[in-house]
>>> print(open('input09.txt').read())   # compact mmCIF, C-alpha atoms
# COMPACT_ATOMS: atom_id res chain seq x y z
CA MET A 25 -35.82 -21.51 23.67
CA ASN A 26 -33.45 -19.27 21.81
CA PRO A 27 -31.07 -17.18 23.91
CA PRO A 28 -31.79 -13.43 23.93
CA PRO A 29 -29.80 -11.48 21.35
CA SER A 30 -26.43 -10.30 22.69
CA SER A 31 -25.14 -6.80 22.18
CA ALA A 32 -22.87 -8.19 19.46
CA ASP A 33 -26.05 -8.67 17.46
CA LYS A 34 -26.61 -4.94 17.07
CA VAL A 35 -25.74 -2.76 14.09
CA SER A 36 -26.53 0.94 14.53
CA ILE A 37 -26.25 3.60 11.86
CA VAL A 38 -26.22 7.36 12.37
CA LEU A 39 -27.48 8.46 8.96
CA PHE A 40 -26.31 12.07 8.67
CA SER A 41 -25.79 12.32 4.91
CA GLY A 42 -28.47 12.80 2.29
CA THR A 43 -26.73 12.04 -0.99
CA THR A 44 -28.11 9.14 -3.00
CA ASP A 45 -24.83 7.22 -2.95
CA LYS A 46 -24.65 7.25 0.86
CA LEU A 47 -28.38 6.51 1.25
CA MET A 48 -27.79 3.45 -0.93
CA ALA A 49 -24.75 2.41 1.11
CA ALA A 50 -26.64 2.79 4.40
CA THR A 51 -29.67 0.81 3.26
CA VAL A 52 -27.58 -1.94 1.65
CA ILE A 53 -25.59 -2.33 4.90
CA ALA A 54 -28.88 -2.40 6.86
CA SER A 55 -30.13 -5.06 4.49
CA GLY A 56 -26.99 -7.20 4.80
CA ALA A 57 -27.06 -6.89 8.59
CA ALA A 58 -30.76 -7.80 8.75
CA ALA A 59 -30.04 -10.91 6.66
CA MET A 60 -27.41 -11.85 9.26
CA GLN A 61 -30.05 -11.61 12.03
CA LYS A 62 -28.69 -8.38 13.50
CA GLN A 63 -30.89 -5.86 15.28
CA VAL A 64 -30.52 -2.79 13.07
CA THR A 65 -31.33 0.77 14.14
CA ILE A 66 -30.99 3.74 11.80
CA PHE A 67 -30.91 7.14 13.49
CA LEU A 68 -31.75 9.91 11.01
CA THR A 69 -30.17 13.29 11.57
CA PHE A 70 -29.55 16.47 9.58
CA TRP A 71 -29.38 15.81 5.79
CA GLY A 72 -30.20 12.15 6.35
CA LEU A 73 -33.45 13.13 8.04
CA MET A 74 -34.27 15.65 5.31
CA ALA A 75 -33.98 12.85 2.75
CA PHE A 76 -36.74 10.93 4.54
CA ARG A 77 -39.37 13.66 4.18
CA LYS A 78 -42.52 12.41 2.47
CA GLY A 79 -42.07 12.07 -1.27
CA ALA A 80 -38.51 10.78 -0.96
CA LYS A 81 -38.77 8.68 -4.11
CA GLU A 82 -39.84 11.68 -6.20
CA GLN A 83 -36.63 13.58 -5.38
CA PRO A 84 -33.93 13.69 -8.07
CA PRO A 85 -30.82 11.63 -7.29
CA ARG A 86 -28.02 13.61 -5.69
CA ILE A 87 -24.43 12.41 -5.98
CA SER A 88 -21.75 13.74 -3.65
CA THR A 89 -20.09 16.79 -5.19
CA ASP A 90 -16.74 15.19 -4.37
CA PHE A 91 -17.30 13.15 -7.52
CA ALA A 92 -19.84 15.07 -9.56
CA ASP A 93 -17.18 16.78 -11.67
CA PHE A 94 -15.66 13.46 -12.69
CA ALA A 95 -17.73 12.49 -15.68
CA ASP A 96 -16.34 8.98 -15.87
CA PHE A 97 -17.30 8.26 -12.28
CA ALA A 98 -20.63 9.93 -11.74
CA ASP A 99 -22.10 9.29 -15.18
CA ALA A 100 -20.97 5.69 -15.15
CA ALA A 101 -22.57 5.27 -11.74
CA MET A 102 -25.91 6.71 -12.75
CA GLN A 103 -26.04 4.84 -16.06
CA ALA A 104 -25.01 1.57 -14.50
CA MET A 105 -27.72 1.93 -11.85
CA GLN A 106 -30.39 2.53 -14.45
CA ALA A 107 -29.17 -0.23 -16.74
CA LYS A 108 -28.96 -2.73 -13.88
CA LYS A 109 -32.32 -1.57 -12.50
CA VAL A 110 -30.81 -0.98 -9.06
CA PRO A 111 -33.72 -0.49 -6.64
CA HIS A 112 -34.35 2.88 -5.04
CA TRP A 113 -32.75 3.10 -1.59
CA LEU A 114 -36.17 3.44 0.05
CA ASP A 115 -37.25 0.13 -1.50
CA THR A 116 -34.00 -1.52 -0.36
CA LEU A 117 -34.81 -0.31 3.14
CA ARG A 118 -38.41 -1.55 3.00
CA ASP A 119 -37.18 -4.98 1.87
CA ALA A 120 -34.72 -5.03 4.78
CA MET A 121 -37.55 -4.20 7.18
CA ASP A 122 -39.60 -7.08 5.78
CA LEU A 123 -36.62 -9.41 6.05
CA GLY A 124 -35.44 -8.71 9.58
CA ASP A 125 -35.35 -6.42 12.58
CA VAL A 126 -34.73 -2.92 11.21
CA LYS A 127 -35.97 0.23 12.96
CA VAL A 128 -35.72 3.79 11.67
CA LYS A 129 -35.82 6.65 14.19
CA ALA A 130 -35.64 10.42 13.74
CA CYS A 131 -33.34 12.71 15.75
CA GLY A 132 -35.44 14.95 17.99
CA LEU A 133 -33.07 17.91 17.79
CA THR A 134 -33.14 17.94 13.99
CA MET A 135 -36.93 17.61 13.97
CA ASP A 136 -37.21 20.67 16.23
CA LEU A 137 -34.64 22.61 14.20
CA PHE A 138 -36.55 22.18 10.94
CA GLY A 139 -40.02 22.24 12.49
CA LEU A 140 -40.80 18.71 11.28
CA LYS A 141 -43.39 16.30 12.70
CA LEU A 142 -43.42 12.52 12.43
CA GLU A 143 -46.25 12.68 9.88
CA ASP A 144 -44.02 14.77 7.58
CA LEU A 145 -41.71 11.77 7.15
CA GLU A 146 -41.93 8.57 5.14
CA PRO A 147 -43.90 5.97 7.17
CA VAL A 148 -40.81 3.74 7.53
CA VAL A 149 -39.80 6.12 10.34
CA SER A 150 -41.43 4.79 13.50
CA GLU A 151 -40.50 7.30 16.18
CA VAL A 152 -38.59 10.40 17.26
CA THR A 153 -35.83 9.91 19.80
CA GLY A 154 -32.87 11.67 21.42
CA VAL A 155 -29.21 11.17 20.68
CA GLY A 156 -28.48 10.01 24.25
CA SER A 157 -31.11 7.32 23.97
CA PHE A 158 -29.67 6.20 20.61
CA VAL A 159 -26.12 6.02 22.02
CA GLU A 160 -27.37 3.99 24.98
CA ASP A 161 -29.32 1.55 22.79
CA SER A 162 -26.37 0.99 20.45
CA THR A 163 -23.92 0.16 23.24
CA GLY A 164 -21.97 -3.02 22.67
CA GLY A 165 -22.68 -3.31 18.96
CA GLN A 166 -21.20 -1.85 15.82
CA THR A 167 -22.06 1.79 15.14
CA LEU A 168 -21.48 3.49 11.79
CA PHE A 169 -21.69 7.21 11.04
CA ILE A 170 -22.69 7.62 7.41
CA MET B 15 -17.62 0.83 45.57
CA ASN B 16 -18.64 1.31 41.97
CA PRO B 17 -17.28 -1.16 39.43
CA PRO B 18 -14.68 0.24 37.03
CA PRO B 19 -16.11 1.37 33.70
CA SER B 20 -16.29 -1.44 31.17
CA SER B 21 -15.17 -1.06 27.58
CA ALA B 22 -18.86 -0.85 26.61
CA ASP B 23 -18.82 2.53 28.33
CA LYS B 24 -16.57 4.08 25.69
CA VAL B 25 -17.58 6.22 22.73
CA SER B 26 -14.70 7.29 20.47
CA ILE B 27 -14.94 9.71 17.57
CA VAL B 28 -12.40 10.21 14.81
CA LEU B 29 -13.26 13.77 13.81
CA PHE B 30 -11.88 14.11 10.28
CA SER B 31 -14.36 16.60 8.80
CA GLY B 32 -14.37 20.33 9.34
CA THR B 33 -17.76 21.45 8.05
CA THR B 34 -20.05 23.10 10.55
CA ASP B 35 -22.81 20.52 10.11
CA LYS B 36 -20.49 17.62 10.98
CA LEU B 37 -18.81 19.52 13.83
CA MET B 38 -22.30 20.02 15.27
CA ALA B 39 -23.16 16.35 14.82
CA ALA B 40 -19.93 15.22 16.50
CA THR B 41 -20.30 17.52 19.49
CA VAL B 42 -24.00 16.71 19.95
CA ILE B 43 -23.18 12.98 19.93
CA ALA B 44 -20.35 13.61 22.42
CA SER B 45 -22.80 15.50 24.58
CA GLY B 46 -25.45 12.76 24.46
CA ALA B 47 -22.83 10.10 25.24
CA ALA B 48 -21.43 12.13 28.16
CA ALA B 49 -24.94 12.45 29.57
CA MET B 50 -25.19 8.65 29.42
CA GLN B 51 -21.98 8.35 31.52
CA LYS B 52 -19.83 7.18 28.62
CA GLN B 53 -16.11 7.89 28.44
CA VAL B 54 -15.85 10.01 25.31
CA THR B 55 -12.65 10.59 23.33
CA ILE B 56 -12.54 12.80 20.24
CA PHE B 57 -9.48 12.32 18.01
CA LEU B 58 -8.97 15.35 15.76
CA THR B 59 -7.40 14.73 12.37
CA PHE B 60 -7.06 16.56 9.05
CA TRP B 61 -9.93 19.06 8.48
CA GLY B 62 -11.35 18.30 11.91
CA LEU B 63 -8.08 19.36 13.51
CA MET B 64 -7.87 22.49 11.34
CA ALA B 65 -11.30 23.52 12.64
CA PHE B 66 -9.95 23.49 16.20
CA ARG B 67 -7.23 26.08 15.58
CA LYS B 68 -7.47 29.07 17.95
CA GLY B 69 -10.26 31.44 16.99
CA ALA B 70 -12.61 28.62 15.96
CA LYS B 71 -15.72 30.61 16.89
CA GLU B 72 -14.71 33.54 14.67
CA GLN B 73 -14.66 31.35 11.55
CA PRO B 74 -17.64 31.62 9.16
CA PRO B 75 -19.93 28.57 9.13
CA ARG B 76 -19.15 26.08 6.38
CA ILE B 77 -21.83 23.73 5.11
CA SER B 78 -20.91 20.63 3.11
CA THR B 79 -20.88 21.43 -0.61
CA ASP B 80 -22.98 18.31 -1.12
CA PHE B 81 -25.93 20.47 -0.07
CA ALA B 82 -24.81 24.06 -0.61
CA ASP B 83 -26.44 24.27 -4.04
CA PHE B 84 -29.80 23.25 -2.65
CA ALA B 85 -31.24 26.56 -1.50
CA ASP B 86 -34.12 24.97 0.36
CA PHE B 87 -31.82 22.79 2.42
CA ALA B 88 -28.82 24.95 3.22
CA ASP B 89 -30.66 28.23 3.69
CA ALA B 90 -33.34 26.62 5.80
CA ALA B 91 -30.65 25.05 7.96
CA MET B 92 -28.76 28.28 8.55
CA GLN B 93 -31.89 30.33 9.20
CA ALA B 94 -33.36 27.74 11.52
CA MET B 95 -30.13 27.61 13.51
CA GLN B 96 -30.07 31.36 13.94
CA ALA B 97 -33.78 31.60 14.75
CA LYS B 98 -33.55 28.78 17.29
CA LYS B 99 -30.32 30.19 18.74
CA VAL B 100 -28.55 26.84 18.31
CA PRO B 101 -25.29 27.05 20.30
CA HIS B 102 -21.95 27.08 18.50
CA TRP B 103 -20.46 23.58 18.29
CA LEU B 104 -17.52 24.65 20.47
CA ASP B 105 -19.92 25.67 23.23
CA THR B 106 -21.80 22.37 22.88
CA LEU B 107 -18.47 20.61 23.34
CA ARG B 108 -17.52 22.71 26.38
CA ASP B 109 -20.88 21.93 27.98
CA ALA B 110 -20.30 18.21 27.32
CA MET B 111 -16.88 18.46 28.97
CA ASP B 112 -18.45 20.10 32.03
CA LEU B 113 -21.16 17.46 32.13
CA GLY B 114 -19.12 14.26 31.82
CA ASP B 115 -15.91 12.54 30.78
CA VAL B 116 -15.00 14.02 27.37
CA LYS B 117 -11.41 14.30 26.16
CA VAL B 118 -10.21 15.92 22.93
CA LYS B 119 -6.87 14.82 21.47
CA ALA B 120 -5.01 15.93 18.35
CA CYS B 121 -3.53 13.55 15.77
CA GLY B 122 0.27 13.79 15.87
CA LEU B 123 0.71 13.14 12.15
CA THR B 124 -1.63 15.98 11.19
CA MET B 125 0.06 18.31 13.67
CA ASP B 126 3.44 17.57 12.07
CA LEU B 127 2.04 17.90 8.55
CA PHE B 128 0.69 21.39 9.15
CA GLY B 129 3.44 22.48 11.54
CA LEU B 130 0.98 23.03 14.39
CA LYS B 131 1.72 23.04 18.14
CA LEU B 132 -0.70 22.36 20.98
CA GLU B 133 -0.79 26.07 21.85
CA ASP B 134 -2.11 26.84 18.34
CA LEU B 135 -5.31 24.95 19.17
CA GLU B 136 -8.37 25.80 21.22
CA PRO B 137 -7.65 24.94 24.89
CA VAL B 138 -10.30 22.18 24.90
CA VAL B 139 -7.62 20.04 23.20
CA SER B 140 -5.62 18.46 26.01
CA GLU B 141 -2.90 16.51 24.24
CA VAL B 142 -1.32 15.24 21.02
CA THR B 143 -1.41 11.49 20.42
CA GLY B 144 -0.81 8.86 17.76
CA VAL B 145 -3.41 6.94 15.79
CA GLY B 146 -2.21 3.58 17.19
CA SER B 147 -2.69 4.81 20.71
CA PHE B 148 -6.18 6.10 19.85
CA VAL B 149 -7.17 2.77 18.29
CA GLU B 150 -5.91 0.90 21.33
CA ASP B 151 -7.76 3.15 23.79
CA SER B 152 -11.04 2.86 21.88
CA THR B 153 -11.00 -0.95 21.78
CA GLY B 154 -14.22 -2.52 22.93
CA GLY B 155 -16.37 0.57 22.63
CA GLN B 156 -18.22 2.29 19.82
CA THR B 157 -16.05 4.20 17.35
CA LEU B 158 -17.43 6.69 14.83
CA PHE B 159 -15.59 8.27 11.90
CA ILE B 160 -17.13 11.68 11.24
CA MET C 28 0.57 -21.01 23.20
CA ASN C 29 -0.97 -17.65 22.54
CA PRO C 30 -4.74 -17.32 23.02
CA PRO C 31 -6.77 -16.88 19.84
CA PRO C 32 -7.53 -13.24 18.99
CA SER C 33 -10.74 -11.99 20.60
CA SER C 34 -13.35 -9.99 18.72
CA ALA C 35 -12.01 -6.88 20.46
CA ASP C 36 -8.92 -7.33 18.30
CA LYS C 37 -10.80 -6.48 15.10
CA VAL C 38 -10.87 -3.15 13.28
CA SER C 39 -13.08 -3.08 10.19
CA ILE C 40 -13.35 -0.22 7.72
CA VAL C 41 -16.06 0.30 5.12
CA LEU C 42 -14.14 2.43 2.64
CA PHE C 43 -16.85 4.22 0.66
CA SER C 44 -15.06 7.47 -0.19
CA GLY C 45 -12.48 7.97 -2.90
CA THR C 46 -10.95 11.36 -2.09
CA THR C 47 -7.23 11.39 -1.36
CA ASP C 48 -7.67 12.84 2.11
CA LYS C 49 -10.02 10.03 3.20
CA LEU C 50 -7.92 7.33 1.49
CA MET C 51 -4.99 8.62 3.54
CA ALA C 52 -7.03 8.62 6.75
CA ALA C 53 -8.25 5.06 6.14
CA THR C 54 -4.82 3.65 5.37
CA VAL C 55 -3.17 5.48 8.29
CA ILE C 56 -5.81 4.08 10.67
CA ALA C 57 -5.28 0.60 9.17
CA SER C 58 -1.56 1.03 9.71
CA GLY C 59 -1.95 2.15 13.34
CA ALA C 60 -4.35 -0.71 14.04
CA ALA C 61 -2.00 -3.26 12.43
CA ALA C 62 0.85 -1.98 14.61
CA MET C 63 -1.41 -2.62 17.64
CA GLN C 64 -1.86 -6.27 16.52
CA LYS C 65 -5.46 -5.80 15.39
CA GLN C 66 -7.02 -7.87 12.63
CA VAL C 67 -7.85 -5.23 10.03
CA THR C 68 -10.35 -5.68 7.20
CA ILE C 69 -11.02 -2.97 4.64
CA PHE C 70 -14.24 -3.40 2.63
CA LEU C 71 -14.12 -1.35 -0.58
CA THR C 72 -17.40 -0.02 -1.91
CA PHE C 73 -18.57 2.63 -4.38
CA TRP C 74 -16.00 5.47 -4.77
CA GLY C 75 -13.59 3.69 -2.44
CA LEU C 76 -13.59 0.70 -4.76
CA MET C 77 -13.19 2.88 -7.85
CA ALA C 78 -10.04 4.38 -6.29
CA PHE C 79 -8.48 0.88 -6.14
CA ARG C 80 -8.71 0.25 -9.88
CA LYS C 81 -5.33 -0.62 -11.39
CA GLY C 82 -3.14 2.43 -11.85
CA ALA C 83 -4.28 4.00 -8.57
CA LYS C 84 -0.97 5.76 -8.02
CA GLU C 85 -1.12 7.46 -11.42
CA GLN C 86 -4.41 9.20 -10.59
CA PRO C 87 -4.25 12.90 -9.68
CA PRO C 88 -4.94 13.66 -6.02
CA ARG C 89 -8.53 14.58 -5.27
CA ILE C 90 -9.40 16.66 -2.22
CA SER C 91 -12.97 16.79 -0.91
CA THR C 92 -14.84 19.68 -2.50
CA ASP C 93 -15.96 20.67 0.98
CA PHE C 94 -12.54 22.25 1.31
CA ALA C 95 -11.29 22.76 -2.24
CA ASP C 96 -12.48 26.37 -2.36
CA PHE C 97 -10.54 27.25 0.76
CA ALA C 98 -7.13 28.10 -0.62
CA ASP C 99 -5.47 28.22 2.78
CA PHE C 100 -6.64 24.72 3.66
CA ALA C 101 -6.34 22.73 0.45
CA ASP C 102 -3.17 24.35 -0.86
CA ALA C 103 -1.47 24.13 2.49
CA ALA C 104 -2.40 20.46 2.68
CA MET C 105 -1.04 19.60 -0.75
CA GLN C 106 2.16 21.61 -0.32
CA ALA C 107 2.81 20.23 3.14
CA MET C 108 2.36 16.68 1.86
CA GLN C 109 4.84 17.21 -0.96
CA ALA C 110 7.36 19.05 1.25
CA LYS C 111 7.15 16.37 3.95
CA LYS C 112 7.28 13.58 1.36
CA VAL C 113 4.12 11.99 2.78
CA PRO C 114 3.85 8.52 1.22
CA HIS C 115 1.06 7.72 -1.24
CA TRP C 116 -1.90 6.09 0.52
CA LEU C 117 -1.35 2.88 -1.47
CA ASP C 118 2.20 2.61 -0.12
CA THR C 119 0.96 3.28 3.43
CA LEU C 120 -1.47 0.42 2.94
CA ARG C 121 1.21 -1.92 1.56
CA ASP C 122 3.44 -1.14 4.54
CA ALA C 123 0.53 -1.89 6.89
CA MET C 124 0.00 -5.25 5.11
CA ASP C 125 3.70 -6.09 5.58
CA LEU C 126 3.54 -5.07 9.23
CA GLY C 127 0.42 -6.90 10.38
CA ASP C 128 -2.87 -8.59 9.54
CA VAL C 129 -4.59 -6.33 6.99
CA LYS C 130 -7.00 -7.65 4.36
CA VAL C 131 -8.64 -5.67 1.57
CA LYS C 132 -11.89 -6.98 0.08
CA ALA C 133 -14.12 -5.64 -2.69
CA CYS C 134 -17.91 -5.24 -2.39
CA GLY C 135 -19.59 -7.69 -4.77
CA LEU C 136 -22.56 -5.41 -5.51
CA THR C 137 -20.30 -2.53 -6.56
CA MET C 138 -18.18 -4.88 -8.71
CA ASP C 139 -21.33 -6.02 -10.52
CA LEU C 140 -22.64 -2.48 -10.87
CA PHE C 141 -19.51 -1.23 -12.60
CA GLY C 142 -18.71 -4.47 -14.42
CA LEU C 143 -15.37 -4.87 -12.65
CA LYS C 144 -13.38 -8.06 -12.12
CA LEU C 145 -10.79 -8.78 -9.43
CA GLU C 146 -7.99 -8.47 -12.00
CA ASP C 147 -9.08 -4.88 -12.73
CA LEU C 148 -8.07 -3.88 -9.20
CA GLU C 149 -4.74 -3.24 -7.52
CA PRO C 150 -3.32 -6.58 -6.33
CA VAL C 151 -3.64 -5.56 -2.65
CA VAL C 152 -7.31 -6.54 -3.03
CA SER C 153 -7.50 -10.25 -2.26
CA GLU C 154 -11.13 -11.15 -2.83
CA VAL C 155 -14.69 -10.10 -3.62
CA THR C 156 -17.26 -10.50 -0.85
CA GLY C 157 -20.79 -9.56 0.13
CA VAL C 158 -21.88 -6.93 2.61
CA GLY C 159 -23.59 -9.51 4.85
CA SER C 160 -20.40 -11.50 5.10
CA PHE C 161 -18.44 -8.34 5.95
CA VAL C 162 -20.92 -7.36 8.68
CA GLU C 163 -20.74 -10.85 10.15
CA ASP C 164 -16.93 -10.92 10.15
CA SER C 165 -16.66 -7.52 11.79
CA THR C 166 -19.01 -8.39 14.66
CA GLY C 167 -17.63 -7.55 18.08
CA GLY C 168 -14.91 -5.19 16.88
CA GLN C 169 -14.74 -1.55 15.91
CA THR C 170 -16.23 -0.67 12.53
CA LEU C 171 -15.64 2.65 10.79
CA PHE C 172 -17.46 3.99 7.73
CA ILE C 173 -15.08 6.28 5.87
>>> encode(input="input09.txt", output="structure tokens")
Amino acid sequence: MNPPPSSADKVSIVLFSGTTDKLMAATVIASGAAAMQKQVTIFLTFWGLMAFRKGAKEQPPRISTDFADFADFADAAMQAMQAKKVPHWLDTLRDAMDLGDVKVKACGLTMDLFGLKLEDLEPVVSEVTGVGSFVEDSTGGQTLFI
Amino acid sequence: MNPPPSSADKVSIVLFSGTTDKLMAATVIASGAAAMQKQVTIFLTFWGLMAFRKGAKEQPPRISTDFADFADFADAAMQAMQAKKVPHWLDTLRDAMDLGDVKVKACGLTMDLFGLKLEDLEPVVSEVTGVGSFVEDSTGGQTLFI
Amino acid sequence: MNPPPSSADKVSIVLFSGTTDKLMAATVIASGAAAMQKQVTIFLTFWGLMAFRKGAKEQPPRISTDFADFADFADAAMQAMQAKKVPHWLDTLRDAMDLGDVKVKACGLTMDLFGLKLEDLEPVVSEVTGVGSFVEDSTGGQTLFI
């Protein structure tokens, strides 16, 4: 019998941001952690939750305005992604969910604030939960705020 | 006798950002963690510290520019917050401090940089400390950079 | 004989952002952690990696656009830094590397995306690695996403 996973096996992500670059970073980290057998939980809040409304893949990419005025950076990034056929972040996430233990949960407060229901979100989101419950579940592991 | 709190009972937040959306996220997480009996420490630095200068509640709300040009997002957020009477982040923080073990400390380097003294800050800030001391105190728990 | 370092002695930073204010925050935290005898690993990705291309110190400072339109904040920050002779973030990092155990690694996916090689980066970057490997190495310590 395998031992039960220890708390060191947990990687938790508060996904607050909704720009394409950070959505890519979050899903790539989730993917890498899943490949390393970690239990991954992504907690969607604010702009991060808004990005997971149904039709996410039809939305235009959105790069952080911190860099949008730097043509060399932002243009190079977008062109390189197209040329290299970098997968959409939602597909990266789906692959991670196929590969390992990755759960995506929506912040109850944000859902209430924007009047959203679970069926308004992409089906990768499995449940609505509270921030206290998320904090408790992520205890003992690594937690990233993205 | 209760056992002493273990390091797994700590949630530490480096609060670097000063936009209203992230101040809300940080204080809601602090509140959820306090409700779960965690020892919460918020370390204010740079824009996060600037947001805690006296008169914080009189400042106009400031949404991240990443989203400000998206009328559907930013306007919906502000209107929903007003309609739902979402408390000011400083009140959310005060409630968390009443509820559990939440301490707010100011980064000494940032204080020196901007020529600030403890009495220039909202009274929820209890002391000025160094980054090394913060890192040491947060060892073993969850640490978020917001 | 000293005991081997425990996992609680690790501080890991995913450095995603490339604005001067966050580069300063990341390197100051690395410095504070190194002074506290932590094993520090900085994992450069996306804009954070772009900021470490050779010639980093010749780049103009870049403040987050969240604050750039607030003259009191951004101007005060830049003037205070010059008046106080705040070191460049790359020098803060070099000092931290002299002081303690600080390693800087580049994200392989980002390197591929932008067609970068290790010799295109500042020599403080010692190697290219994958996100899974970074997640595994940082297990049990504190991990910040900046």
>>> closest_residue(input="input09.txt", among="A:Val159, A:Leu133, A:Ala32, A:Val128", to="chain C", atoms="all atoms listed in the file")
A:Ala32
>>> interface_residues(input="input09.txt", of="chain A", to="chain B", cutoff="8 Å", atoms="all atoms listed in the file", output="mmCIF file with C-alpha atoms, in the frame of the given file")
data_model
loop_
_atom_site.group_PDB
_atom_site.id
_atom_site.type_symbol
_atom_site.label_atom_id
_atom_site.label_comp_id
_atom_site.auth_asym_id
_atom_site.auth_seq_id
_atom_site.Cartn_x
_atom_site.Cartn_y
_atom_site.Cartn_z
ATOM 1 C CA THR A 43 -26.730 12.040 -0.990
ATOM 2 C CA PHE A 70 -29.550 16.470 9.580
ATOM 3 C CA ILE A 87 -24.430 12.410 -5.980
ATOM 4 C CA SER A 88 -21.750 13.740 -3.650
ATOM 5 C CA THR A 89 -20.090 16.790 -5.190
ATOM 6 C CA ASP A 90 -16.740 15.190 -4.370
ATOM 7 C CA LEU A 137 -34.640 22.610 14.200
ATOM 8 C CA PHE A 138 -36.550 22.180 10.940
ATOM 9 C CA VAL A 155 -29.210 11.170 20.680
ATOM 10 C CA GLY A 156 -28.480 10.010 24.250
ATOM 11 C CA SER A 157 -31.110 7.320 23.970
ATOM 12 C CA VAL A 159 -26.120 6.020 22.020
ATOM 13 C CA GLU A 160 -27.370 3.990 24.980
ATOM 14 C CA THR A 163 -23.920 0.160 23.240
ATOM 15 C CA GLY A 164 -21.970 -3.020 22.670
ATOM 16 C CA GLY A 165 -22.680 -3.310 18.960
ATOM 17 C CA GLN A 166 -21.200 -1.850 15.820
ATOM 18 C CA THR A 167 -22.060 1.790 15.140
ATOM 19 C CA LEU A 168 -21.480 3.490 11.790
ATOM 20 C CA PHE A 169 -21.690 7.210 11.040
ATOM 21 C CA ILE A 170 -22.690 7.620 7.410
#
>>> atom_distance(input="input09.txt", atom1="CA of Ala130 (chain A)", atom2="CA of Asp109 (chain B)")
23.5 Å
>>> atom_distance(input="input09.txt", atom1="CA of Gln63 (chain A)", atom2="CA of Asp122 (chain A)")
12.9 Å
>>> axis_aligned_box(input="input09.txt", around="region 58-68 of chain B", padding_each_side="5 Å", output="lines of an AutoDock Vina configuration file")
center_x = -9.2
center_y = 21.9
center_z = 13.2
size_x = 14.3
size_y = 24.3
size_z = 19.5
>>> residues_around(input="input09.txt", residues="Leu132 (chain B)", least_positions_apart="5", cutoff="8 Å", atoms="all atoms listed in the file", output="NGL selection string")
:B and (139 or 141-142)
>>> atom_distance(input="input09.txt", atom1="CA of Lys127 (chain A)", atom2="CA of Ile66 (chain A)")
6.2 Å
>>> residues_around(input="input09.txt", residues="Ser153 (chain C)", least_positions_apart="4", cutoff="12 Å", atoms="only C-alpha atoms", output="MDAnalysis selection string")
chainID C and resid 68:71 79 124 129:134 144:149
>>> decode(input="input09.txt", residues="region 109-135 of chain B", atoms="C-alpha atoms", output="short mmCIF file (atom, residue, chain, number, x, y, z; two decimals), in the first residue's frame")
data_model
loop_
_atom_site.label_atom_id
_atom_site.label_comp_id
_atom_site.auth_asym_id
_atom_site.auth_seq_id
_atom_site.Cartn_x
_atom_site.Cartn_y
_atom_site.Cartn_z
CA ASP B 109 -13.18 42.63 11.76
CA ALA B 110 -10.50 39.97 11.14
CA MET B 111 -8.38 41.48 13.92
CA ASP B 112 -11.35 41.33 16.31
CA LEU B 113 -12.07 37.76 15.28
CA GLY B 114 -8.62 36.18 15.55
CA ASP B 115 -4.86 36.59 15.63
CA VAL B 116 -4.03 39.09 12.86
CA LYS B 117 -1.01 41.40 13.03
CA VAL B 118 -0.08 44.12 10.54
CA LYS B 119 3.56 45.21 10.31
CA ALA B 120 5.27 47.81 8.14
CA CYS B 121 8.45 47.18 6.12
CA GLY B 122 11.30 49.24 7.59
CA LEU B 123 13.02 49.80 4.25
CA THR B 124 9.87 51.24 2.67
CA MET B 125 9.25 53.43 5.72
CA ASP B 126 12.76 54.87 5.39
CA LEU B 127 12.43 55.30 1.63
CA PHE B 128 9.29 57.40 1.89
CA GLY B 129 10.21 59.10 5.17
CA LEU B 130 7.19 57.65 6.98
CA LYS B 131 6.75 57.13 10.74
CA LEU B 132 4.45 54.68 12.48
CA GLU B 133 2.10 57.52 13.47
CA ASP B 134 1.59 58.35 9.77
CA LEU B 135 -0.14 54.99 9.29
#
